[in-house]
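K.L.:
File target-v1.txt follows (compact mmCIF, C-alpha atoms):
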```txt
# COMPACT_ATOMS: atom_id res chain seq x y z
CA MET A 9 -8.05 79.22 8.23
CA TYR A 10 -6.72 76.79 5.60
CA LYS A 11 -6.84 73.75 7.92
CA PRO A 12 -10.51 72.81 7.22
CA PHE A 13 -9.82 72.90 3.49
CA ILE A 14 -6.74 70.72 3.94
CA PHE A 15 -8.64 68.07 5.91
CA PHE A 16 -11.45 68.17 3.37
CA ALA A 17 -9.03 67.66 0.50
CA ILE A 18 -7.33 64.77 2.30
CA GLY A 19 -10.73 63.14 2.94
CA ILE A 20 -11.67 63.40 -0.74
CA LEU A 21 -8.29 61.95 -1.75
CA CYS A 22 -8.66 58.97 0.65
CA CYS A 23 -12.14 58.19 -0.64
CA ALA A 24 -10.90 58.35 -4.21
CA VAL A 25 -8.06 55.92 -3.43
CA ALA A 26 -10.43 53.58 -1.61
CA ASN A 27 -12.92 53.60 -4.47
CA ALA A 28 -10.16 52.97 -6.95
CA ALA A 29 -9.21 49.83 -5.02
CA VAL A 30 -12.78 48.48 -5.31
CA LEU A 31 -13.46 46.58 -8.53
CA ASP A 32 -16.56 47.36 -10.53
CA VAL A 33 -19.24 44.65 -10.36
CA GLU A 34 -18.53 43.29 -13.84
CA SER A 35 -14.83 42.89 -13.16
CA ALA A 36 -15.52 41.33 -9.76
CA LEU A 37 -17.96 38.86 -11.32
CA ARG A 38 -15.44 37.99 -14.04
CA ALA A 39 -12.72 37.33 -11.45
CA THR A 40 -15.13 35.23 -9.38
CA TYR A 41 -16.02 33.17 -12.45
CA ASN A 42 -12.37 32.58 -13.34
CA ASN A 43 -11.39 31.57 -9.81
CA CYS A 44 -14.46 29.63 -8.66
CA VAL A 45 -15.74 27.74 -11.72
CA GLY A 46 -14.03 24.34 -12.13
CA ILE A 47 -13.55 23.54 -8.46
CA ASP A 48 -16.71 21.43 -8.55
CA GLY A 49 -15.44 19.35 -11.47
CA TYR A 50 -12.16 18.59 -9.72
CA LEU A 51 -13.97 17.62 -6.53
CA GLN A 52 -16.49 15.55 -8.46
CA ASP A 53 -13.61 13.52 -9.89
CA MET A 54 -12.28 13.05 -6.38
CA LYS A 55 -15.68 11.85 -5.19
CA VAL A 56 -15.81 9.30 -8.03
CA LYS A 57 -12.31 8.05 -7.18
CA ALA A 58 -13.26 7.79 -3.50
CA GLY A 59 -16.32 5.79 -4.54
CA ILE A 60 -14.17 3.43 -6.59
CA SER A 61 -11.75 3.07 -3.68
CA THR A 62 -14.65 2.26 -1.35
CA ALA A 63 -16.03 -0.36 -3.74
CA VAL A 64 -12.60 -1.94 -4.22
CA ALA A 65 -11.91 -2.00 -0.48
CA GLY A 66 -15.38 -3.41 0.13
CA ALA A 67 -14.75 -6.21 -2.36
CA GLY A 68 -11.42 -6.89 -0.67
CA THR A 69 -13.16 -7.07 2.69
CA ALA A 70 -15.66 -9.59 1.32
CA MET A 71 -12.86 -11.75 -0.11
CA GLY A 72 -10.95 -11.49 3.15
CA ILE A 73 -14.01 -12.66 5.09
CA GLY A 74 -14.39 -15.50 2.60
CA ALA A 75 -10.75 -16.52 3.04
CA THR A 76 -11.15 -16.45 6.82
CA VAL A 77 -14.29 -18.59 6.75
CA VAL A 78 -12.75 -21.07 4.30
CA GLY A 79 -9.61 -21.25 6.46
CA ILE A 80 -11.70 -22.06 9.54
CA VAL A 81 -13.60 -24.76 7.68
CA LYS A 82 -10.29 -26.19 6.45
CA SER A 83 -8.92 -26.25 10.01
CA LYS A 84 -11.98 -28.12 11.21
CA THR A 85 -11.62 -30.56 8.32
CA ASP A 86 -7.96 -31.16 9.22
CA VAL A 87 -8.92 -31.79 12.86
CA LEU A 88 -11.49 -34.32 11.70
CA ILE A 89 -8.85 -36.06 9.57
CA GLU A 90 -6.58 -36.27 12.61
CA GLU A 91 -9.37 -37.78 14.64
CA LYS A 92 -10.02 -40.42 12.00
CA TYR A 93 -6.35 -41.36 11.86
CA LYS A 94 -6.43 -41.85 15.61
CA LEU A 95 -9.45 -44.11 15.22
CA LEU A 96 -7.42 -46.25 12.85
CA GLU A 97 -4.87 -46.82 15.60
CA ASN A 98 -7.48 -48.97 17.33
CA LEU A 99 -8.39 -50.89 14.19
CA SER A 100 -6.37 -53.90 13.04
CA TYR A 101 -5.84 -55.95 9.96
CA GLY A 102 -4.22 -59.29 9.42
CA ALA A 103 -4.48 -62.60 7.77
CA SER A 104 -5.37 -66.07 9.04
CA GLY A 105 -6.19 -64.69 12.44
CA ASP A 106 -2.87 -62.87 12.79
CA VAL A 107 -3.56 -59.27 13.83
CA GLU A 108 -1.25 -56.33 13.55
CA THR A 109 -2.05 -52.94 15.04
CA LEU A 110 -0.90 -49.84 13.17
CA ASP A 111 -0.50 -46.38 14.64
CA SER A 112 -1.81 -43.27 12.89
CA GLU A 113 1.51 -42.43 11.26
CA GLU A 114 1.71 -45.88 9.63
CA TRP A 115 -1.86 -45.58 8.38
CA LEU A 116 -1.06 -42.14 6.98
CA LYS A 117 1.99 -43.51 5.19
CA ILE A 118 -0.01 -46.36 3.63
CA PHE A 119 -2.71 -43.97 2.53
CA GLN A 120 -0.29 -41.45 1.03
CA GLU A 121 1.69 -44.10 -0.84
CA SER A 122 -1.52 -45.31 -2.44
CA SER A 123 -2.38 -41.75 -3.47
CA GLU A 124 1.09 -41.12 -4.92
CA ASN A 125 0.76 -44.21 -7.12
CA ASN A 126 -2.55 -42.88 -8.48
CA ALA A 127 -4.07 -46.25 -7.83
CA GLU A 128 -7.16 -47.39 -6.04
CA PHE A 129 -6.40 -48.14 -2.45
CA VAL A 130 -7.05 -51.86 -2.36
CA VAL A 131 -7.71 -52.95 1.17
CA ASN A 132 -6.95 -56.48 2.33
CA SER A 133 -10.10 -58.55 2.34
CA THR A 134 -9.46 -59.43 5.97
CA LEU A 135 -9.58 -55.73 6.91
CA ASP A 136 -12.81 -55.03 8.72
CA ASN A 137 -15.49 -52.78 7.31
CA ASP A 138 -14.85 -50.05 9.87
CA SER A 139 -11.27 -49.65 8.67
CA ASN A 140 -12.39 -49.50 5.05
CA GLU A 141 -14.95 -46.87 5.88
CA GLN A 142 -12.46 -44.75 7.82
CA ILE A 143 -9.96 -44.86 4.96
CA GLU A 144 -12.56 -43.78 2.41
CA GLN A 145 -13.66 -40.93 4.65
CA ILE A 146 -10.06 -39.80 5.15
CA ARG A 147 -9.51 -39.81 1.40
CA ALA A 148 -12.60 -37.64 0.84
CA LEU A 149 -11.71 -35.27 3.67
CA ASP A 150 -8.13 -34.96 2.43
CA GLN A 151 -9.36 -33.91 -1.02
CA LYS A 152 -11.75 -31.43 0.58
CA SER A 153 -8.96 -29.97 2.71
CA LYS A 154 -6.77 -29.52 -0.36
CA LYS A 155 -9.54 -27.68 -2.23
CA LEU A 156 -10.31 -25.48 0.74
CA GLY A 157 -6.63 -24.58 0.99
CA ASN A 158 -6.60 -23.56 -2.67
CA TRP A 159 -9.75 -21.46 -2.23
CA ARG A 160 -8.28 -19.74 0.79
CA THR A 161 -5.12 -18.91 -1.15
CA GLY A 162 -7.14 -17.55 -4.07
CA LEU A 163 -9.36 -15.39 -1.88
CA MET A 164 -6.36 -14.03 0.02
CA ALA A 165 -4.68 -13.22 -3.30
CA GLY A 166 -7.82 -11.33 -4.36
CA ASN A 167 -7.87 -9.43 -1.08
CA THR A 168 -4.22 -8.52 -1.56
CA ALA A 169 -4.86 -7.29 -5.10
CA THR A 170 -7.65 -4.98 -3.91
CA ASN A 171 -5.39 -3.59 -1.21
CA ILE A 172 -2.71 -2.83 -3.79
CA ALA A 173 -5.31 -1.01 -5.88
CA GLY A 174 -6.43 0.83 -2.75
CA VAL A 175 -2.92 2.13 -2.11
CA VAL A 176 -2.77 3.59 -5.63
CA LEU A 177 -6.27 5.06 -5.64
CA SER A 178 -6.16 6.59 -2.15
CA GLY A 179 -2.63 7.89 -2.64
CA LYS A 180 -3.74 9.98 -5.64
CA ASN A 181 -7.09 11.17 -4.28
CA LYS A 182 -5.91 14.30 -2.49
CA VAL A 183 -6.44 18.03 -2.76
CA ASP A 184 -3.24 19.23 -4.40
CA ILE A 185 -1.57 22.63 -4.17
CA SER A 186 -3.16 23.98 -7.36
CA LEU A 187 -6.68 23.23 -6.12
CA SER A 188 -5.89 24.71 -2.70
CA GLU A 189 -4.67 27.89 -4.40
CA GLN A 190 -7.77 28.07 -6.60
CA ILE A 191 -10.03 27.71 -3.54
CA GLN A 192 -8.12 30.52 -1.81
CA ASN A 193 -8.35 32.74 -4.91
CA CYS A 194 -12.07 32.01 -5.11
CA LYS A 195 -12.54 33.15 -1.51
CA VAL A 196 -10.65 36.39 -2.22
CA SER A 197 -12.77 36.98 -5.33
CA LEU A 198 -15.96 36.57 -3.30
CA GLN A 199 -14.73 39.16 -0.79
CA ASN A 200 -13.95 41.57 -3.64
CA LEU A 201 -17.36 40.90 -5.16
CA ARG A 202 -19.05 41.76 -1.85
CA ARG A 203 -17.22 45.11 -1.73
CA ALA A 204 -18.05 45.79 -5.38
CA ILE A 205 -21.74 45.15 -4.68
CA ALA A 206 -21.69 47.59 -1.77
CA GLN A 207 -20.04 50.29 -3.92
CA ALA A 208 -22.42 49.62 -6.85
CA ARG A 209 -25.40 50.12 -4.56
CA ILE A 210 -24.03 53.52 -3.57
CA ASP A 211 -23.64 54.34 -7.24
CA GLY A 212 -27.22 53.25 -7.94
CA ILE A 213 -26.28 50.27 -10.14
CA ASP A 214 -28.54 47.20 -10.36
CA VAL A 215 -26.71 44.36 -8.55
CA ALA A 216 -29.50 41.77 -8.20
CA GLU A 217 -27.61 39.13 -10.19
CA ALA A 218 -24.37 39.78 -8.36
CA ILE A 219 -26.11 39.54 -5.00
CA ASN A 220 -27.60 36.16 -5.96
CA ILE A 221 -24.19 34.82 -7.01
CA GLU A 222 -22.54 36.09 -3.84
CA SER A 223 -25.28 34.52 -1.73
CA VAL A 224 -25.01 31.11 -3.45
CA CYS A 225 -21.20 31.04 -3.41
CA GLN A 226 -20.58 32.41 0.07
CA GLY A 227 -20.43 28.86 1.49
CA LEU A 228 -17.00 28.54 -0.13
CA GLU A 229 -15.65 31.16 2.25
CA TYR A 230 -16.14 28.71 5.10
CA VAL A 231 -13.86 26.15 3.47
CA ASP A 232 -10.57 26.47 5.27
CA ALA A 233 -7.30 24.56 5.63
CA ASP A 234 -8.92 22.21 8.14
CA ASN A 235 -11.51 21.04 5.61
CA ILE A 236 -8.86 20.38 3.00
CA ALA A 237 -6.60 18.70 5.56
CA ARG A 238 -9.44 16.38 6.57
CA ILE A 239 -9.96 15.21 2.98
CA ASN A 240 -6.25 14.56 2.62
CA ASN A 241 -5.96 12.84 6.00
CA LEU A 242 -8.79 10.49 5.09
CA ALA A 243 -7.02 9.68 1.83
CA LYS A 244 -3.84 9.01 3.78
CA GLY A 245 -5.71 6.78 6.23
CA GLY A 246 -7.15 4.72 3.37
CA MET A 247 -3.75 4.44 1.73
CA VAL A 248 -1.99 3.34 4.93
CA SER A 249 -4.70 0.78 5.72
CA SER A 250 -4.47 -0.65 2.22
CA ALA A 251 -0.66 -0.75 2.47
CA VAL A 252 -0.90 -2.72 5.72
CA GLY A 253 -3.39 -5.05 4.06
CA THR A 254 -1.04 -5.50 1.11
CA GLY A 255 1.89 -6.51 3.31
CA THR A 256 -0.25 -8.82 5.40
CA GLY A 257 -1.85 -10.30 2.31
CA VAL A 258 1.44 -11.08 0.56
CA VAL A 259 2.75 -12.93 3.60
CA GLY A 260 -0.62 -14.64 4.02
CA VAL A 261 -0.72 -15.92 0.45
CA ILE A 262 2.81 -17.32 0.73
CA THR A 263 1.95 -18.97 4.05
CA SER A 264 -1.26 -20.45 2.67
CA VAL A 265 0.55 -21.83 -0.38
CA LEU A 266 3.18 -23.46 1.81
CA ALA A 267 0.56 -24.91 4.17
CA ASN A 268 -1.28 -26.46 1.25
CA SER A 269 1.78 -27.71 -0.64
CA ASP A 270 2.24 -31.46 -1.17
CA LYS A 271 5.65 -31.32 0.49
CA VAL A 272 4.12 -30.15 3.75
CA ARG A 273 0.92 -32.16 3.54
CA LYS A 274 2.71 -35.43 2.83
CA ASP A 275 5.20 -35.12 5.64
CA ASP A 276 3.72 -37.84 7.86
CA SER A 277 6.04 -37.28 10.80
CA ASN A 278 4.70 -35.68 13.95
CA GLN A 279 6.94 -32.70 13.32
CA GLY A 280 5.70 -32.37 9.75
CA ARG A 281 2.06 -32.55 10.77
CA GLN A 282 2.62 -29.93 13.46
CA LYS A 283 4.31 -27.68 10.91
CA GLU A 284 1.28 -27.96 8.62
CA LYS A 285 -1.02 -27.10 11.49
CA ASN A 286 1.06 -24.07 12.45
CA LEU A 287 1.17 -22.81 8.87
CA ASN A 288 -2.60 -23.13 8.57
CA VAL A 289 -3.15 -21.24 11.80
CA ALA A 290 -0.78 -18.49 10.63
CA ALA A 291 -2.53 -18.28 7.25
CA ASN A 292 -5.91 -17.92 8.95
CA VAL A 293 -4.62 -15.20 11.26
CA LEU A 294 -3.13 -13.31 8.31
CA ALA A 295 -6.43 -13.64 6.44
CA VAL A 296 -8.14 -11.93 9.38
CA GLY A 297 -5.48 -9.21 9.35
CA GLY A 298 -5.95 -8.54 5.64
CA THR A 299 -9.72 -8.41 6.14
CA LEU A 300 -9.48 -5.87 8.96
CA ALA A 301 -7.14 -3.70 6.90
CA SER A 302 -9.58 -3.71 3.97
CA ALA A 303 -12.50 -2.94 6.27
CA THR A 304 -10.60 0.00 7.78
CA ALA A 305 -9.76 1.34 4.31
CA THR A 306 -13.44 1.06 3.38
CA ILE A 307 -14.39 3.24 6.37
CA PHE A 308 -11.79 5.89 5.52
CA ASN A 309 -12.86 6.00 1.87
CA ALA A 310 -16.58 6.11 2.66
CA THR A 311 -16.01 8.98 5.12
CA GLN A 312 -13.97 10.83 2.50
CA ILE A 313 -16.89 10.54 0.07
CA LYS A 314 -19.19 12.21 2.60
CA VAL A 315 -16.78 15.10 3.23
CA ILE A 316 -16.16 15.66 -0.49
CA LYS A 317 -19.88 15.44 -1.25
CA ASP A 318 -20.67 18.25 1.18
CA PHE A 319 -17.95 20.32 -0.49
CA VAL A 320 -19.22 19.48 -3.99
CA ASP A 321 -22.78 20.53 -3.13
CA VAL A 322 -21.57 24.08 -2.44
CA THR A 323 -19.21 24.37 -5.41
CA GLU A 324 -21.75 22.95 -7.90
CA LYS A 325 -24.38 25.52 -6.90
CA CYS A 326 -21.81 28.29 -7.17
CA SER A 327 -20.67 27.17 -10.63
CA GLU A 328 -24.27 26.92 -11.84
CA ALA A 329 -25.02 30.44 -10.60
CA LEU A 330 -21.90 31.85 -12.28
CA ARG A 331 -22.66 30.16 -15.59
```
Is it possible to express this structure as structure tokens?
P.N.:
Amino acid sequence: MYKPFIFFAIGILCCAVANAAVLDVESALRATYNNCVGIDGYLQDMKVKAGISTAVAGAGTAMGIGATVVGIVKSKTDVLIEEKYKLLENLSYGASGDVETLDSEEWLKIFQESSENNAEFVVNSTLDNDSNEQIEQIRALDQKSKKLGNWRTGLMAGNTATNIAGVVLSGKNKVDISLSEQIQNCKVSLQNLRRAIAQARIDGIDVAEAINIESVCQGLEYVDADNIARINNLAKGGMVSSAVGTGTGVVGVITSVLANSDKVRKDDSNQGRQKEKNLNVAANVLAVGGTLASATATIFNATQIKVIKDFVDVTEKCSEALR
């Protein structure tokens, strides 16, 4: 006969324990405020950093494209110089009807010696007008090639500098452990708030404000480890791309400097001229590599902005509602 009373007493005790575990609405709101407010500010900073990284990588891409274009123009200019030297092989000079034919290497040596002496290249009066014209054109093209080489080096150096900055910016723009823990605590607080609202309704307490806050902030409960991992993976992708661009850029700048140095340019042997050509080709290829790395980093950073922005939209609304 005592069994019904025993079960009744146990039921009352269980309900009392359960109710004790449920926070009152005010306490639940206070915990939600403490754990959820501030996430938006942290993420907003991340979005700004991602924007800066995107702009820097974009500028690096533009400079890389510029270096590539300048390098191609330089290569075409060097080919034209070679062609004009070959034309000189068929031109002759002499005196009193004596004619001597010079090959391109001998013409190059004469031209370079005149340049080294910083003197006007005085051509023998018996030299025909075609030879004079070719020499003047070679001189102009040689100066143009030198300038183009310097521009290429400068643009590649700029591209490398942006990639270095990209490594630093992307490497720091990650969701750290403290933010991950705050997001998790915020989600737990929202679950507690939902239970507190349900209990307050039973108790006849007005929970309109709490319901509005829970409704606005509930989007945070859908933020899981995958969302955070995606933000961090995009940051890692931008950092790795920029690191590759940095390595490529450093080698490219050194190669471009060597290709445009007087020691290489004034080596009039066939071997020396081939070395210059090879260095220029390598510099152009490395310029393309640095450009692609910057472009890839730009894509990673721009995508990270989009992911963070979607996250910020939810957290900002939640913080506004809580305040």
K.L.:
So, with all atoms listed in the file as the atoms that count, which of A:Thr76, A:Leu198, A:Asp32, A:Ala310 lies closest to Val215 in chain A?
P.N.:
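Of the candidates, the smallest distance to Val215 in chain A is held by A:Asp32.
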K.L.:
From the set A:Gln151, A:Asn42, A:Ser35, A:Ser178, which residue has the shortest atom-to-atom contact distance to Ile89 in chain A, counting all atoms listed in the file?
P.N.:
A:Gln151
K.L.:
Measure the distance from CA of Leu266 in chain A to CA of Met247 in chain A in Å and round it to one decimal.
P.N.:
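These atoms are spaced 28.7 Å apart.
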K.L.:
With a distance cut-off of 7 Å and all atoms listed in the file, select the neighbouring residues of Ser61 in chain A, excluding the residue or stretch itself and same-chain residues fewer than 4 positions from it, and output the selection as number ranges by chain.
P.N.:
A: 57, 65, 174, 177-178, 309
K.L.:
Of the candidates A:Leu88, A:Val293, A:Ile80, A:Ile219, which one gets nearest to Gly157 in chain A if we count all atoms listed in the file?
P.N.:
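That would be A:Ile80, the residue with the smallest distance to Gly157 in chain A.
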K.L.:
Excluding Asp53 in chain A and any residue of its chain fewer than 5 positions from it, enumerate the residues within 9 Å of it, using only C-alpha atoms, and give them as a ChimeraX atom specification.
P.N.:
/A:48,58,181
K.L.:
Rounded to one decimal, what separation in Å do you get between CA of Val315 in chain A and CA of Asn241 in chain A?
P.N.:
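Pair CA of Val315 in chain A / CA of Asn241 in chain A returns 11.4 Å.
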K.L.:
Counting only C-alpha atoms, select every polymer residue within 9 Å of (-2.4, 9.3, -0.1) as defined in the file's coordinates, and provide the selection as a ChimeraX atom specification.
P.N.:
/A:175-182,240-248
K.L.:
So the first atom is CA of Val81 in chain A and the second is CA of Leu156 in chain A; what is the distance between them in Å, to one decimal place?
P.N.:
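It comes out at 7.7 Å.
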K.L.:
Kindly indicate which residue among A:Asp270, A:Arg331, A:Val258, A:Glu144 lies nearest to Glu217 in chain A, using all atoms listed in the file for the distances.
P.N.:
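Using all atoms listed in the file, the shortest distance to Glu217 in chain A belongs to A:Arg331.
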K.L.:
Excluding same-chain residues fewer than 3 positions from Lys154 in chain A, what lies within 12 Å of it counting only C-alpha atoms, as a list in words?
P.N.:
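What passes the distance filter is Val78, Gly79, Val81, Lys82, Ser83, Thr85, Asp86, Arg147, Ala148, Leu149, Asp150, Gln151, Gly157, Asn158, Trp159, Arg160, Thr161, Ser264, Val265, Leu266, Ala267, Asn268, Ser269, Asp270, Val272, Arg273, Lys274 and Asn288 of chain A.
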K.L.:
Any chance you can output those residues with C-alpha atoms as an mmCIF file, keeping the file's coordinate frame?
P.N.:
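Resulting contents of selection.cif:
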```cif
data_model
loop_
_atom_site.group_PDB
_atom_site.id
_atom_site.type_symbol
_atom_site.label_atom_id
_atom_site.label_comp_id
_atom_site.auth_asym_id
_atom_site.auth_seq_id
_atom_site.Cartn_x
_atom_site.Cartn_y
_atom_site.Cartn_z
ATOM 1 C CA VAL A 78 -12.750 -21.070 4.300
ATOM 2 C CA GLY A 79 -9.610 -21.250 6.460
ATOM 3 C CA VAL A 81 -13.600 -24.760 7.680
ATOM 4 C CA LYS A 82 -10.290 -26.190 6.450
ATOM 5 C CA SER A 83 -8.920 -26.250 10.010
ATOM 6 C CA THR A 85 -11.620 -30.560 8.320
ATOM 7 C CA ASP A 86 -7.960 -31.160 9.220
ATOM 8 C CA ARG A 147 -9.510 -39.810 1.400
ATOM 9 C CA ALA A 148 -12.600 -37.640 0.840
ATOM 10 C CA LEU A 149 -11.710 -35.270 3.670
ATOM 11 C CA ASP A 150 -8.130 -34.960 2.430
ATOM 12 C CA GLN A 151 -9.360 -33.910 -1.020
ATOM 13 C CA GLY A 157 -6.630 -24.580 0.990
ATOM 14 C CA ASN A 158 -6.600 -23.560 -2.670
ATOM 15 C CA TRP A 159 -9.750 -21.460 -2.230
ATOM 16 C CA ARG A 160 -8.280 -19.740 0.790
ATOM 17 C CA THR A 161 -5.120 -18.910 -1.150
ATOM 18 C CA SER A 264 -1.260 -20.450 2.670
ATOM 19 C CA VAL A 265 0.550 -21.830 -0.380
ATOM 20 C CA LEU A 266 3.180 -23.460 1.810
ATOM 21 C CA ALA A 267 0.560 -24.910 4.170
ATOM 22 C CA ASN A 268 -1.280 -26.460 1.250
ATOM 23 C CA SER A 269 1.780 -27.710 -0.640
ATOM 24 C CA ASP A 270 2.240 -31.460 -1.170
ATOM 25 C CA VAL A 272 4.120 -30.150 3.750
ATOM 26 C CA ARG A 273 0.920 -32.160 3.540
ATOM 27 C CA LYS A 274 2.710 -35.430 2.830
ATOM 28 C CA ASN A 288 -2.600 -23.130 8.570
#
```
K.L.:
Of the candidates A:Ala173, A:Ala39, A:Ala208, A:Thr323, which shows the shortest atom-to-atom distance to Ala251 in chain A, using all atoms listed in the file?
P.N.:
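Result for the nearest residue to Ala251 in chain A: A:Ala173.
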K.L.:
Between A:Leu187, A:Cys326, A:Ile239, A:Leu95, single out the one closest to Gly227 in chain A, counting all atoms listed in the file.
P.N.:
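Among the listed residues, A:Cys326 lies closest to Gly227 in chain A.
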K.L.:
For range 199-207 of chain A, work out the shell of residues within 7 Å, counting only C-alpha atoms and skipping chain neighbours fewer than 2 positions away, then give it as a PDB file with C-alpha atoms, keeping the file's coordinate frame.
P.N.:
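Done, and the output landed in out_39.pdb:
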```
ATOM      1  CA  VAL A  30     -12.780  48.480  -5.310  1.00  0.00           C
ATOM      2  CA  LEU A  31     -13.460  46.580  -8.530  1.00  0.00           C
ATOM      3  CA  ASP A  32     -16.560  47.360 -10.530  1.00  0.00           C
ATOM      4  CA  VAL A  33     -19.240  44.650 -10.360  1.00  0.00           C
ATOM      5  CA  ALA A  36     -15.520  41.330  -9.760  1.00  0.00           C
ATOM      6  CA  LEU A  37     -17.960  38.860 -11.320  1.00  0.00           C
ATOM      7  CA  LYS A 195     -12.540  33.150  -1.510  1.00  0.00           C
ATOM      8  CA  VAL A 196     -10.650  36.390  -2.220  1.00  0.00           C
ATOM      9  CA  SER A 197     -12.770  36.980  -5.330  1.00  0.00           C
ATOM     10  CA  ARG A 209     -25.400  50.120  -4.560  1.00  0.00           C
ATOM     11  CA  ILE A 210     -24.030  53.520  -3.570  1.00  0.00           C
ATOM     12  CA  ASP A 211     -23.640  54.340  -7.240  1.00  0.00           C
ATOM     13  CA  VAL A 215     -26.710  44.360  -8.550  1.00  0.00           C
ATOM     14  CA  GLU A 222     -22.540  36.090  -3.840  1.00  0.00           C
TER      15      GLU A 222
END
```
K.L.:
Find the residues near Leu294 in chain A: any atom within 9 Å, counting all atoms listed in the file, skip ones fewer than 5 places away on the same chain, and give them as a short mmCIF file (atom, residue, chain, number, x, y, z; two decimals) with C-alpha atoms, in the frame of the given file.
P.N.:
```cif
data_model
loop_
_atom_site.label_atom_id
_atom_site.label_comp_id
_atom_site.auth_asym_id
_atom_site.auth_seq_id
_atom_site.Cartn_x
_atom_site.Cartn_y
_atom_site.Cartn_z
CA THR A 76 -11.15 -16.45 6.82
CA MET A 164 -6.36 -14.03 0.02
CA THR A 256 -0.25 -8.82 5.40
CA GLY A 257 -1.85 -10.30 2.31
CA VAL A 259 2.75 -12.93 3.60
CA GLY A 260 -0.62 -14.64 4.02
CA VAL A 261 -0.72 -15.92 0.45
CA THR A 263 1.95 -18.97 4.05
CA VAL A 289 -3.15 -21.24 11.80
CA THR A 299 -9.72 -8.41 6.14
#
```
K.L.:
What would range 232-245 of chain A look like with N, CA and C atoms in place, written as a tab-separated table (two decimals), in the coordinates of the input?
P.N.:
```tsv
chain	number	residue	atom	x	y	z
A	232	ASP	N	-11.90	26.04	4.84
A	232	ASP	CA	-10.57	26.47	5.27
A	232	ASP	C	-9.56	25.33	5.17
A	233	ALA	N	-8.38	25.57	5.70
A	233	ALA	CA	-7.30	24.56	5.63
A	233	ALA	C	-7.69	23.28	6.35
A	234	ASP	N	-8.52	23.40	7.40
A	234	ASP	CA	-8.92	22.21	8.14
A	234	ASP	C	-9.78	21.28	7.30
A	235	ASN	N	-10.68	21.86	6.48
A	235	ASN	CA	-11.51	21.04	5.61
A	235	ASN	C	-10.67	20.29	4.59
A	236	ILE	N	-9.73	21.00	4.00
A	236	ILE	CA	-8.86	20.38	3.00
A	236	ILE	C	-7.98	19.33	3.65
A	237	ALA	N	-7.46	19.65	4.85
A	237	ALA	CA	-6.60	18.70	5.56
A	237	ALA	C	-7.38	17.43	5.89
A	238	ARG	N	-8.66	17.56	6.23
A	238	ARG	CA	-9.44	16.38	6.57
A	238	ARG	C	-9.60	15.45	5.36
A	239	ILE	N	-9.85	16.03	4.20
A	239	ILE	CA	-9.96	15.21	2.98
A	239	ILE	C	-8.65	14.47	2.74
A	240	ASN	N	-7.55	15.18	2.86
A	240	ASN	CA	-6.25	14.56	2.62
A	240	ASN	C	-5.88	13.53	3.68
A	241	ASN	N	-6.25	13.80	4.93
A	241	ASN	CA	-5.96	12.84	6.00
A	241	ASN	C	-6.76	11.55	5.82
A	242	LEU	N	-7.99	11.68	5.35
A	242	LEU	CA	-8.79	10.49	5.09
A	242	LEU	C	-8.21	9.67	3.95
A	243	ALA	N	-7.69	10.38	2.94
A	243	ALA	CA	-7.02	9.68	1.83
A	243	ALA	C	-5.78	8.95	2.34
A	244	LYS	N	-5.04	9.62	3.21
A	244	LYS	CA	-3.84	9.01	3.78
A	244	LYS	C	-4.20	7.79	4.62
A	245	GLY	N	-5.27	7.91	5.40
A	245	GLY	CA	-5.71	6.78	6.23
A	245	GLY	C	-6.08	5.57	5.38
```
